[in-house]
$ cat entry.txt   # compact mmCIF, C-alpha atoms
# COMPACT_ATOMS: atom_id res chain seq x y z
CA MET G 1 0.00 0.00 0.00
CA ASP G 2 1.32 3.46 -0.83
CA LEU G 3 1.18 6.37 1.64
CA PRO G 4 -1.82 8.22 0.11
CA SER G 5 -3.88 5.02 0.11
CA TYR G 6 -2.87 4.25 3.71
CA LEU G 7 -3.81 7.74 4.89
CA GLU G 8 -7.17 7.57 3.13
CA ALA G 9 -7.93 4.26 4.85
CA LEU G 10 -6.74 5.74 8.16
CA ARG G 11 -9.12 8.70 7.84
CA GLY G 12 -11.96 6.26 7.35
CA GLU G 13 -10.98 4.30 10.44
CA PHE G 14 -11.01 7.43 12.60
CA SER G 15 -14.20 8.94 11.11
CA LEU G 16 -17.81 8.49 12.19
CA SER G 17 -20.88 8.94 10.02
CA THR G 18 -23.80 11.11 11.11
CA ASP G 19 -25.87 7.96 11.67
CA ALA G 20 -23.15 6.51 13.89
CA LEU G 21 -23.02 9.71 15.92
CA HIS G 22 -26.80 9.60 16.41
CA ARG G 23 -26.55 5.97 17.62
CA ILE G 24 -23.79 6.89 20.06
CA ALA G 25 -25.86 9.83 21.37
CA ALA G 26 -28.91 7.60 21.85
CA ASP G 27 -26.85 4.98 23.68
CA PHE G 28 -25.26 7.69 25.83
CA GLY G 29 -28.68 8.99 26.84
CA LYS G 30 -29.86 5.49 27.72
CA GLU G 31 -26.76 4.85 29.83
CA MET G 32 -27.38 8.15 31.65
CA ARG G 33 -30.93 7.16 32.54
CA GLU G 34 -29.93 3.67 33.68
CA GLY G 35 -27.03 4.93 35.77
CA LEU G 36 -29.11 7.63 37.43
CA LEU G 37 -31.55 4.94 38.58
CA GLY G 38 -28.73 2.79 39.96
CA ARG G 39 -28.93 0.17 37.23
CA ALA G 40 -26.04 -1.37 35.30
CA SER G 41 -24.40 1.29 33.14
CA SER G 42 -20.95 2.31 31.95
CA LEU G 43 -21.81 5.83 33.18
CA ARG G 44 -21.55 5.84 36.97
CA MET G 45 -23.75 8.95 37.42
CA LEU G 46 -22.26 9.66 40.84
CA PRO G 47 -24.04 12.13 43.17
CA SER G 48 -21.98 15.13 44.30
CA PHE G 49 -24.29 16.24 47.16
CA ILE G 50 -23.99 19.83 46.00
CA GLY G 51 -25.98 22.12 43.72
CA VAL G 52 -24.86 25.22 41.86
CA PRO G 53 -23.75 28.35 43.79
CA THR G 54 -25.82 31.52 44.08
CA GLY G 55 -22.90 33.88 43.36
CA ARG G 56 -23.36 35.49 46.79
CA GLU G 57 -20.90 33.18 48.60
CA LYS G 58 -18.11 35.19 50.23
CA GLY G 59 -14.82 34.59 52.04
CA SER G 60 -11.32 33.12 51.82
CA ALA G 61 -10.62 29.43 51.24
CA MET G 62 -7.91 27.03 50.16
CA ALA G 63 -8.29 24.58 47.31
CA ILE G 64 -6.50 21.56 45.85
CA ASP G 65 -6.79 20.75 42.16
CA PHE G 66 -5.74 17.09 41.84
CA GLY G 67 -6.53 15.95 38.32
CA GLY G 68 -3.31 14.44 37.01
CA THR G 69 0.38 14.26 37.72
CA ASN G 70 0.51 18.05 38.13
CA VAL G 71 -1.31 19.35 41.21
CA ARG G 72 -2.21 22.91 42.15
CA VAL G 73 -2.89 24.35 45.60
CA LEU G 74 -4.23 27.85 46.00
CA GLU G 75 -5.80 30.47 48.25
CA ALA G 76 -8.85 32.18 46.78
CA GLU G 77 -11.10 35.05 47.85
CA LEU G 78 -14.80 35.11 46.87
CA ASP G 79 -16.32 38.60 46.86
CA GLY G 80 -20.02 37.64 46.96
CA PHE G 81 -20.70 39.17 43.54
CA GLY G 82 -19.67 36.24 41.35
CA ASN G 83 -15.97 37.11 41.28
CA VAL G 84 -13.00 35.10 42.52
CA VAL G 85 -9.48 36.40 43.12
CA VAL G 86 -6.65 33.87 43.46
CA GLN G 87 -4.41 35.31 46.18
CA GLN G 88 -1.60 32.79 45.74
CA MET G 89 -1.05 29.49 43.96
CA LYS G 90 1.57 26.77 43.68
CA ARG G 91 1.81 24.14 40.96
CA PHE G 92 3.95 21.05 41.42
CA PRO G 93 4.47 17.62 39.83
CA LEU G 94 3.81 14.34 41.61
CA VAL G 95 6.56 12.76 39.50
CA ASP G 96 9.86 14.62 39.72
CA PRO G 97 11.34 15.20 36.23
CA LYS G 98 14.80 14.57 37.71
CA GLY G 99 13.72 11.21 39.16
CA ARG G 100 14.02 12.13 42.84
CA TYR G 101 10.47 11.03 43.70
CA ASN G 102 7.36 9.45 42.17
CA TYR G 103 4.16 9.54 44.20
CA VAL G 104 1.92 7.85 41.60
CA CYS G 105 3.84 4.58 41.03
CA ALA G 106 3.02 1.20 42.59
CA GLU G 107 5.79 1.62 45.16
CA ALA G 108 4.40 4.91 46.51
CA ARG G 109 2.13 4.92 49.57
CA ALA G 110 -0.94 7.02 50.39
CA GLU G 111 0.82 8.65 53.35
CA GLU G 112 3.62 9.86 51.08
CA LEU G 113 1.27 11.21 48.42
CA PHE G 114 -1.04 13.13 50.76
CA GLY G 115 1.81 14.20 53.02
CA PHE G 116 3.48 15.81 50.03
CA ILE G 117 0.27 17.67 49.12
CA ALA G 118 -0.23 18.77 52.75
CA GLU G 119 3.27 20.26 52.79
CA ARG G 120 2.47 22.36 49.74
CA LEU G 121 -0.70 23.65 51.43
CA GLY G 122 1.39 24.56 54.48
CA GLU G 123 3.56 26.77 52.28
CA LEU G 124 0.50 28.93 51.54
CA ALA G 125 -1.01 29.13 55.03
CA LYS G 126 -0.65 32.41 56.91
CA PRO G 127 0.19 32.03 60.64
CA GLY G 128 -2.87 31.99 62.87
CA GLN G 129 -5.41 32.04 60.02
CA ALA G 130 -8.00 29.28 59.63
CA TYR G 131 -8.92 28.01 56.19
CA PRO G 132 -11.80 25.89 54.89
CA LEU G 133 -10.44 23.53 52.24
CA GLY G 134 -12.05 22.29 49.06
CA HIS G 135 -10.49 19.39 47.18
CA THR G 136 -11.17 18.60 43.53
CA PHE G 137 -10.21 14.98 42.99
CA SER G 138 -10.72 13.80 39.43
CA PHE G 139 -10.94 10.05 39.91
CA PRO G 140 -14.09 7.93 40.28
CA CYS G 141 -15.26 7.98 43.90
CA GLU G 142 -18.19 6.64 45.86
CA GLN G 143 -19.59 9.87 47.27
CA ARG G 144 -21.53 9.52 50.55
CA GLY G 145 -21.62 13.20 51.44
CA LEU G 146 -20.06 16.50 50.45
CA ASN G 147 -16.84 15.70 52.32
CA ARG G 148 -17.00 11.90 52.24
CA ALA G 149 -15.68 10.22 49.11
CA SER G 150 -13.86 6.90 48.71
CA LEU G 151 -11.76 6.17 45.64
CA ILE G 152 -13.36 3.37 43.61
CA HIS G 153 -10.26 2.81 41.51
CA TRP G 154 -7.40 4.81 40.06
CA THR G 155 -7.45 5.91 36.42
CA LYS G 156 -4.82 7.58 34.18
CA GLU G 157 -2.36 4.81 35.11
CA PHE G 158 -2.04 5.95 38.76
CA ARG G 159 -1.04 3.09 41.08
CA THR G 160 -0.31 4.60 44.51
CA GLN G 161 -0.86 2.03 47.28
CA GLY G 162 -3.42 2.40 50.06
CA VAL G 163 -5.79 4.84 48.32
CA GLU G 164 -8.33 2.67 46.48
CA GLY G 165 -11.32 2.00 48.72
CA GLN G 166 -10.23 4.66 51.21
CA ASP G 167 -11.89 7.93 52.22
CA ILE G 168 -9.92 10.68 50.47
CA GLY G 169 -10.94 13.31 53.02
CA ALA G 170 -9.73 11.14 55.90
CA LEU G 171 -6.38 10.54 54.18
CA LEU G 172 -5.92 14.26 53.60
CA ASP G 173 -7.02 15.25 57.12
CA ALA G 174 -4.57 12.72 58.59
CA ALA G 175 -1.76 14.19 56.48
CA LEU G 176 -2.63 17.74 57.59
CA GLN G 177 -2.72 16.66 61.24
CA ALA G 178 0.65 14.92 60.88
CA LYS G 179 2.16 18.14 59.48
CA GLY G 180 0.66 20.25 62.29
CA LEU G 181 -1.67 22.10 59.89
CA THR G 182 -4.74 21.93 62.13
CA ARG G 183 -6.12 25.29 60.94
CA ILE G 184 -6.73 23.88 57.46
CA ARG G 185 -9.95 21.84 57.60
CA GLY G 186 -11.42 19.84 54.74
CA LYS G 187 -14.99 20.88 53.89
CA ALA G 188 -15.67 19.38 50.45
CA ILE G 189 -14.34 16.74 48.07
CA ILE G 190 -15.61 16.98 44.53
CA ASN G 191 -14.65 15.75 41.11
CA ASP G 192 -12.68 18.35 39.15
CA THR G 193 -15.41 18.42 36.52
CA VAL G 194 -17.90 19.34 39.25
CA GLY G 195 -15.43 22.01 40.36
CA THR G 196 -15.33 23.38 36.83
CA LEU G 197 -19.12 23.69 36.81
CA LEU G 198 -19.16 25.37 40.23
CA ALA G 199 -16.47 27.85 39.21
CA ALA G 200 -18.31 28.79 36.02
CA ALA G 201 -21.75 28.93 37.63
CA TYR G 202 -20.53 31.23 40.44
CA GLY G 203 -20.42 34.12 37.97
CA ARG G 204 -22.70 32.77 35.20
CA HIS G 205 -26.02 31.54 36.52
CA HIS G 206 -27.11 29.88 33.27
CA VAL G 207 -24.26 27.31 33.33
CA ASP G 208 -25.41 23.77 34.15
CA VAL G 209 -23.00 21.48 32.22
CA ALA G 210 -19.20 21.15 32.43
CA SER G 211 -16.83 18.90 30.52
CA ILE G 212 -13.08 18.33 30.75
CA CYS G 213 -10.82 16.85 28.12
CA GLY G 214 -7.30 17.21 29.50
CA THR G 215 -5.18 14.45 31.02
CA GLY G 216 -8.45 12.55 31.32
CA HIS G 217 -12.06 13.09 30.21
CA ASN G 218 -15.28 13.59 32.15
CA THR G 219 -18.58 15.48 32.12
CA CYS G 220 -21.05 16.57 34.80
CA TYR G 221 -24.39 18.37 34.75
CA LEU G 222 -27.08 19.75 37.06
CA GLN G 223 -29.89 17.24 37.57
CA PRO G 224 -32.99 19.36 38.37
CA ALA G 225 -34.47 16.78 40.76
CA HIS G 226 -32.06 14.07 41.83
CA PRO G 227 -33.62 10.69 42.76
CA LEU G 228 -31.83 10.72 46.14
CA THR G 229 -33.13 14.07 47.36
CA GLY G 230 -35.68 15.39 44.89
CA GLU G 231 -33.58 18.57 44.87
CA PRO G 232 -31.16 20.00 42.27
CA MET G 233 -27.79 18.22 42.42
CA ILE G 234 -24.71 18.10 40.20
CA VAL G 235 -24.14 14.59 38.82
CA ASN G 236 -20.62 13.37 38.07
CA MET G 237 -21.18 11.14 35.05
CA GLU G 238 -17.68 9.61 34.81
CA SER G 239 -18.24 9.80 31.05
CA GLY G 240 -14.67 8.68 30.31
CA ASN G 241 -15.87 5.16 31.12
CA PHE G 242 -18.55 5.17 28.38
CA THR G 243 -18.12 1.90 26.46
CA LEU G 244 -20.68 2.02 23.63
CA VAL G 245 -18.41 3.77 21.17
CA PRO G 246 -16.67 2.13 18.18
CA GLN G 247 -12.91 1.66 18.56
CA SER G 248 -10.26 1.69 15.88
CA ARG G 249 -7.74 -1.17 15.88
CA PHE G 250 -5.27 1.25 17.48
CA ASP G 251 -7.72 2.03 20.29
CA VAL G 252 -8.19 -1.71 20.85
CA ALA G 253 -4.41 -2.26 21.05
CA LEU G 254 -3.94 0.67 23.46
CA ASP G 255 -6.74 -0.55 25.73
CA ALA G 256 -5.36 -4.10 25.82
CA ALA G 257 -1.92 -2.84 26.93
CA SER G 258 -3.27 -0.37 29.53
CA GLU G 259 -3.32 -0.74 33.31
CA ARG G 260 -7.06 -1.54 33.34
CA PRO G 261 -8.16 -3.09 30.02
CA GLY G 262 -11.83 -2.54 29.25
CA SER G 263 -12.28 0.46 31.54
CA GLN G 264 -12.29 4.17 30.65
CA ARG G 265 -12.74 3.29 26.98
CA LEU G 266 -13.87 6.74 25.83
CA GLU G 267 -11.17 8.46 27.89
CA LYS G 268 -8.50 6.32 26.24
CA MET G 269 -9.76 7.44 22.83
CA CYS G 270 -9.78 11.20 23.38
CA SER G 271 -7.79 12.45 26.39
CA GLY G 272 -4.32 13.90 26.63
CA HIS G 273 -2.80 11.03 28.58
CA TYR G 274 -3.52 8.60 25.74
CA LEU G 275 -3.56 10.49 22.42
CA GLY G 276 0.22 10.42 22.07
CA GLU G 277 0.11 6.65 22.51
CA VAL G 278 -2.53 6.31 19.78
CA VAL G 279 -0.26 8.28 17.43
CA ARG G 280 2.71 6.08 18.39
CA LEU G 281 0.74 2.97 17.44
CA VAL G 282 -0.21 4.52 14.08
CA LEU G 283 3.42 5.47 13.37
CA ALA G 284 4.58 1.96 14.30
CA ASP G 285 2.05 0.54 11.84
CA LEU G 286 3.34 2.90 9.14
CA VAL G 287 6.85 1.59 9.80
CA ALA G 288 5.61 -2.00 9.59
CA GLU G 289 4.04 -1.18 6.20
CA GLY G 290 7.38 0.21 5.00
CA LEU G 291 5.99 3.74 4.68
CA LEU G 292 8.24 5.31 7.34
CA PRO G 293 11.84 4.60 8.37
CA ALA G 294 12.36 2.27 11.31
CA SER G 295 12.82 3.71 14.81
CA GLU G 296 13.66 1.65 17.88
CA ARG G 297 12.14 4.38 20.04
CA LEU G 298 8.67 3.58 18.71
CA ALA G 299 8.76 0.39 20.75
CA ALA G 300 8.59 2.42 23.98
CA ARG G 301 5.16 3.32 25.35
CA GLN G 302 4.50 7.01 26.06
CA VAL G 303 7.38 8.15 23.85
CA LEU G 304 4.92 10.76 22.56
CA GLY G 305 2.77 12.86 24.88
CA GLY G 306 -0.02 15.35 24.46
CA GLU G 307 2.46 18.23 24.60
CA HIS G 308 4.29 16.84 21.55
CA LEU G 309 1.05 16.54 19.59
CA SER G 310 0.22 20.15 20.47
CA LEU G 311 3.54 21.31 19.04
CA ILE G 312 2.90 19.37 15.84
CA LEU G 313 -0.66 20.64 15.41
CA ASP G 314 0.34 24.25 16.06
CA ASP G 315 3.24 24.12 13.59
CA GLU G 316 2.88 26.08 10.38
CA GLU G 317 4.09 25.52 6.86
CA PRO G 318 6.39 25.83 5.03
CA LEU G 319 9.19 24.97 7.49
CA LEU G 320 7.31 22.72 9.95
CA ALA G 321 10.22 23.18 12.36
CA ASP G 322 8.37 21.83 15.40
CA VAL G 323 7.35 18.67 13.53
CA ALA G 324 11.00 18.06 12.60
CA ALA G 325 12.14 18.79 16.17
CA VAL G 326 9.68 16.33 17.72
CA ALA G 327 10.53 13.69 15.10
CA GLU G 328 14.22 14.00 15.84
CA ALA G 329 14.10 14.41 19.64
CA ARG G 330 11.45 11.78 20.37
CA LEU G 331 11.78 9.28 17.51
CA GLY G 332 15.30 9.75 16.19
CA TRP G 333 14.15 10.65 12.70
CA THR G 334 16.28 13.24 10.94
CA GLY G 335 16.11 14.79 7.51
CA LEU G 336 12.39 14.15 7.00
CA THR G 337 10.92 16.28 4.24
CA HIS G 338 7.43 17.73 3.86
CA ASP G 339 6.76 15.32 0.98
$ encode --input "entry.txt" --output "structure tokens"
Amino acid sequence: MDLPSYLEALRGEFSLSTDALHRIAADFGKEMREGLLGRASSLRMLPSFIGVPTGREKGSAMAIDFGGTNVRVLEAELDGFGNVVVQQMKRFPLVDPKGRYNYVCAEARAEELFGFIAERLGELAKPGQAYPLGHTFSFPCEQRGLNRASLIHWTKEFRTQGVEGQDIGALLDAALQAKGLTRIRGKAIINDTVGTLLAAAYGRHHVDVASICGTGHNTCYLQPAHPLTGEPMIVNMESGNFTLVPQSRFDVALDAASERPGSQRLEKMCSGHYLGEVVRLVLADLVAEGLLPASERLAARQVLGGEHLSLILDDEEPLLADVAAVAEARLGWTGLTHD
């Protein structure tokens, strides 16, 4: 097969017809209804135990944004008129680029992970000041109350020991106590998608849906009358786990080699943690077809990340310098031409 024919076939494999999109939408709606009623569904439809804000909330608080391997902690001030001012913020990786620590691997323990986060919060705290703490935690949890959430299972290839099945709030509170940070008290644990909706709705009262497609993928929405309470409540759909979507052969191969085959199927097809791996599998197939030069680096998983794809997509003709730089630095290909 020549390259133009291969690329034409590849476009077909990654394309969906209008009829297919309608079928996916219908299946998605059915899974929503089943999950909301507690029946078997690939959409967990988890209750958040919180509705949308009024915009009149006021005061200072701390927050943790834990959605991937980069975590943010911040102090924010709400003015009661729909505006938020971030007073200070720190961003830090859970995996040190220089290899000094890794808090998301199978050898890491819960105490180490949450102790590290607690230390970063302590760097923001002003002496003598008390802070309510909100924690966005973007992994599937069994939510039993606004500040009671147990991790069902890790996603995004996280493997830290002693977290699955445990109450995230209790782990964090224990870490804060151990660091002597008793003036920082956990008040809420929510999914980061729920946090996105709350942040938007604080200043825009018409907002009732939020979706994230970053390291992972998820969507939440405001259910006008939730079956548990009969009152408005934000529902965390865990839409990254939606299974009724057609996979390409590359998606199938990626899923089979992942930490949890069969789970988070939609997330593995569209989110930043996995898209580079999909491209690697396509490039490896092109090499196998004799349409690209061989590269030993293509045998390594995660050799391409979302940041590399962003550079490629943002590159402009005629030089395509970023494409050439990524090809050389990540794959060892030099002297590639536009043709």
$ atom_distance --input "entry.txt" --atom1 "atom CA of G:Pro127" --atom2 "atom CA of G:Val85"
20.5 Å
$ closest_residue --input "entry.txt" --among "G:Val207, G:Glu157, G:Ala9, G:Phe114" --to "G:Ala170" --atoms "only C-alpha atoms"
G:Phe114
$ axis_aligned_box --input "entry.txt" --around "stretch 150-156 of chain G" --padding-each-side "4 Å" --output "lines of an AutoDock Vina configuration file"
center_x = -9.3
center_y = 5.2
center_z = 41.4
size_x = 17.0
size_y = 12.8
size_z = 22.5
$ closest_residue --input "entry.txt" --among "G:Leu78, G:Leu16, G:Ala253, G:Val52" --to "G:Thr196" --atoms "only C-alpha atoms"
G:Val52
$ closest_residue --input "entry.txt" --among "G:Gly80, G:Pro224, G:Gly68, G:Gly115" --to "G:Ala175" --atoms "all atoms listed in the file"
G:Gly115
$ residues_around --input "entry.txt" --residues "G:Thr182" --least-positions-apart "6" --cutoff "9 Å" --atoms "only C-alpha atoms" --output "list in words"
Ala130, Asp173 and Leu176 of chain G
$ closest_residue --input "entry.txt" --among "G:Gly38, G:Gly82, G:Pro227, G:Gly162" --to "G:Glu107" --atoms "only C-alpha atoms"
G:Gly162
$ closest_residue --input "entry.txt" --among "G:Thr18, G:Ser239, G:Ser5, G:Thr54" --to "G:Gly203" --atoms "all atoms listed in the file"
G:Thr54
$ atom_distance --input "entry.txt" --atom1 "atom CA of G:Ser295" --atom2 "atom CA of G:Leu10"
20.8 Å
$ residues_around --input "entry.txt" --residues "G:Ser258" --least-positions-apart "3" --cutoff "10 Å" --atoms "all atoms listed in the file" --output "list in words"
Lys156, Glu157, Ala253, Leu254, Asp255, Pro261, Gly262, Ser263, Lys268 and Tyr274 of chain G
$ atom_distance --input "entry.txt" --atom1 "atom CA of G:Leu121" --atom2 "atom CA of G:Arg144"
25.2 Å
$ residues_around --input "entry.txt" --residues "G:Gly128" --least-positions-apart "3" --cutoff "10 Å" --atoms "only C-alpha atoms" --output "list in words"
Ala125, Tyr131 and Arg183 of chain G
$ closest_residue --input "entry.txt" --among "G:Gly195, G:Gly305, G:Gly186, G:Gly332" --to "G:Tyr221" --atoms "only C-alpha atoms"
G:Gly195
$ residues_around --input "entry.txt" --residues "G:Met62" --least-positions-apart "2" --cutoff "12 Å" --atoms "all atoms listed in the file" --output "number ranges by chain"
G: 59-60, 64-65, 72-78, 85-90, 118, 120-126, 129-136, 183-188
$ residues_around --input "entry.txt" --residues "stretch 309-326 of chain G" --least-positions-apart "3" --cutoff "7 Å" --atoms "only C-alpha atoms" --output "list in words"
Gly276, Gly305, Gly306, Ala329, Arg330 and Leu336 of chain G
$ decode --input "entry.txt" --residues "stretch 80-182 of chain G" --atoms "C-alpha atoms" --output "CSV table (one decimal), in the first residue's frame"
chain,number,residue,atom,x,y,z
G,80,GLY,CA,-20.0,37.6,47.0
G,81,PHE,CA,-20.7,39.2,43.5
G,82,GLY,CA,-19.7,36.2,41.4
G,83,ASN,CA,-16.0,37.1,41.3
G,84,VAL,CA,-13.0,35.1,42.5
G,85,VAL,CA,-9.5,36.4,43.1
G,86,VAL,CA,-6.7,33.9,43.5
G,87,GLN,CA,-4.4,35.3,46.2
G,88,GLN,CA,-1.6,32.8,45.7
G,89,MET,CA,-1.0,29.5,44.0
G,90,LYS,CA,1.6,26.8,43.7
G,91,ARG,CA,1.8,24.1,41.0
G,92,PHE,CA,3.9,21.1,41.4
G,93,PRO,CA,4.5,17.6,39.8
G,94,LEU,CA,3.8,14.3,41.6
G,95,VAL,CA,6.6,12.8,39.5
G,96,ASP,CA,9.9,14.6,39.7
G,97,PRO,CA,11.3,15.2,36.2
G,98,LYS,CA,14.8,14.6,37.7
G,99,GLY,CA,13.7,11.2,39.2
G,100,ARG,CA,14.0,12.1,42.8
G,101,TYR,CA,10.5,11.0,43.7
G,102,ASN,CA,7.4,9.5,42.2
G,103,TYR,CA,4.2,9.5,44.2
G,104,VAL,CA,1.9,7.8,41.6
G,105,CYS,CA,3.8,4.6,41.0
G,106,ALA,CA,3.0,1.2,42.6
G,107,GLU,CA,5.8,1.6,45.2
G,108,ALA,CA,4.4,4.9,46.5
G,109,ARG,CA,2.1,4.9,49.6
G,110,ALA,CA,-0.9,7.0,50.4
G,111,GLU,CA,0.8,8.7,53.3
G,112,GLU,CA,3.6,9.9,51.1
G,113,LEU,CA,1.3,11.2,48.4
G,114,PHE,CA,-1.0,13.1,50.8
G,115,GLY,CA,1.8,14.2,53.0
G,116,PHE,CA,3.5,15.8,50.0
G,117,ILE,CA,0.3,17.7,49.1
G,118,ALA,CA,-0.2,18.8,52.8
G,119,GLU,CA,3.3,20.3,52.8
G,120,ARG,CA,2.5,22.4,49.7
G,121,LEU,CA,-0.7,23.7,51.4
G,122,GLY,CA,1.4,24.6,54.5
G,123,GLU,CA,3.6,26.8,52.3
G,124,LEU,CA,0.5,28.9,51.5
G,125,ALA,CA,-1.0,29.1,55.0
G,126,LYS,CA,-0.7,32.4,56.9
G,127,PRO,CA,0.2,32.0,60.6
G,128,GLY,CA,-2.9,32.0,62.9
G,129,GLN,CA,-5.4,32.0,60.0
G,130,ALA,CA,-8.0,29.3,59.6
G,131,TYR,CA,-8.9,28.0,56.2
G,132,PRO,CA,-11.8,25.9,54.9
G,133,LEU,CA,-10.4,23.5,52.2
G,134,GLY,CA,-12.0,22.3,49.1
G,135,HIS,CA,-10.5,19.4,47.2
G,136,THR,CA,-11.2,18.6,43.5
G,137,PHE,CA,-10.2,15.0,43.0
G,138,SER,CA,-10.7,13.8,39.4
G,139,PHE,CA,-10.9,10.1,39.9
G,140,PRO,CA,-14.1,7.9,40.3
G,141,CYS,CA,-15.3,8.0,43.9
G,142,GLU,CA,-18.2,6.6,45.9
G,143,GLN,CA,-19.6,9.9,47.3
G,144,ARG,CA,-21.5,9.5,50.5
G,145,GLY,CA,-21.6,13.2,51.4
G,146,LEU,CA,-20.1,16.5,50.4
G,147,ASN,CA,-16.8,15.7,52.3
G,148,ARG,CA,-17.0,11.9,52.2
G,149,ALA,CA,-15.7,10.2,49.1
G,150,SER,CA,-13.9,6.9,48.7
G,151,LEU,CA,-11.8,6.2,45.6
G,152,ILE,CA,-13.4,3.4,43.6
G,153,HIS,CA,-10.3,2.8,41.5
G,154,TRP,CA,-7.4,4.8,40.1
G,155,THR,CA,-7.4,5.9,36.4
G,156,LYS,CA,-4.8,7.6,34.2
G,157,GLU,CA,-2.4,4.8,35.1
G,158,PHE,CA,-2.0,6.0,38.8
G,159,ARG,CA,-1.0,3.1,41.1
G,160,THR,CA,-0.3,4.6,44.5
G,161,GLN,CA,-0.9,2.0,47.3
G,162,GLY,CA,-3.4,2.4,50.1
G,163,VAL,CA,-5.8,4.8,48.3
G,164,GLU,CA,-8.3,2.7,46.5
G,165,GLY,CA,-11.3,2.0,48.7
G,166,GLN,CA,-10.2,4.7,51.2
G,167,ASP,CA,-11.9,7.9,52.2
G,168,ILE,CA,-9.9,10.7,50.5
G,169,GLY,CA,-10.9,13.3,53.0
G,170,ALA,CA,-9.7,11.1,55.9
G,171,LEU,CA,-6.4,10.5,54.2
G,172,LEU,CA,-5.9,14.3,53.6
G,173,ASP,CA,-7.0,15.2,57.1
G,174,ALA,CA,-4.6,12.7,58.6
G,175,ALA,CA,-1.8,14.2,56.5
G,176,LEU,CA,-2.6,17.7,57.6
G,177,GLN,CA,-2.7,16.7,61.2
G,178,ALA,CA,0.7,14.9,60.9
G,179,LYS,CA,2.2,18.1,59.5
G,180,GLY,CA,0.7,20.3,62.3
G,181,LEU,CA,-1.7,22.1,59.9
G,182,THR,CA,-4.7,21.9,62.1
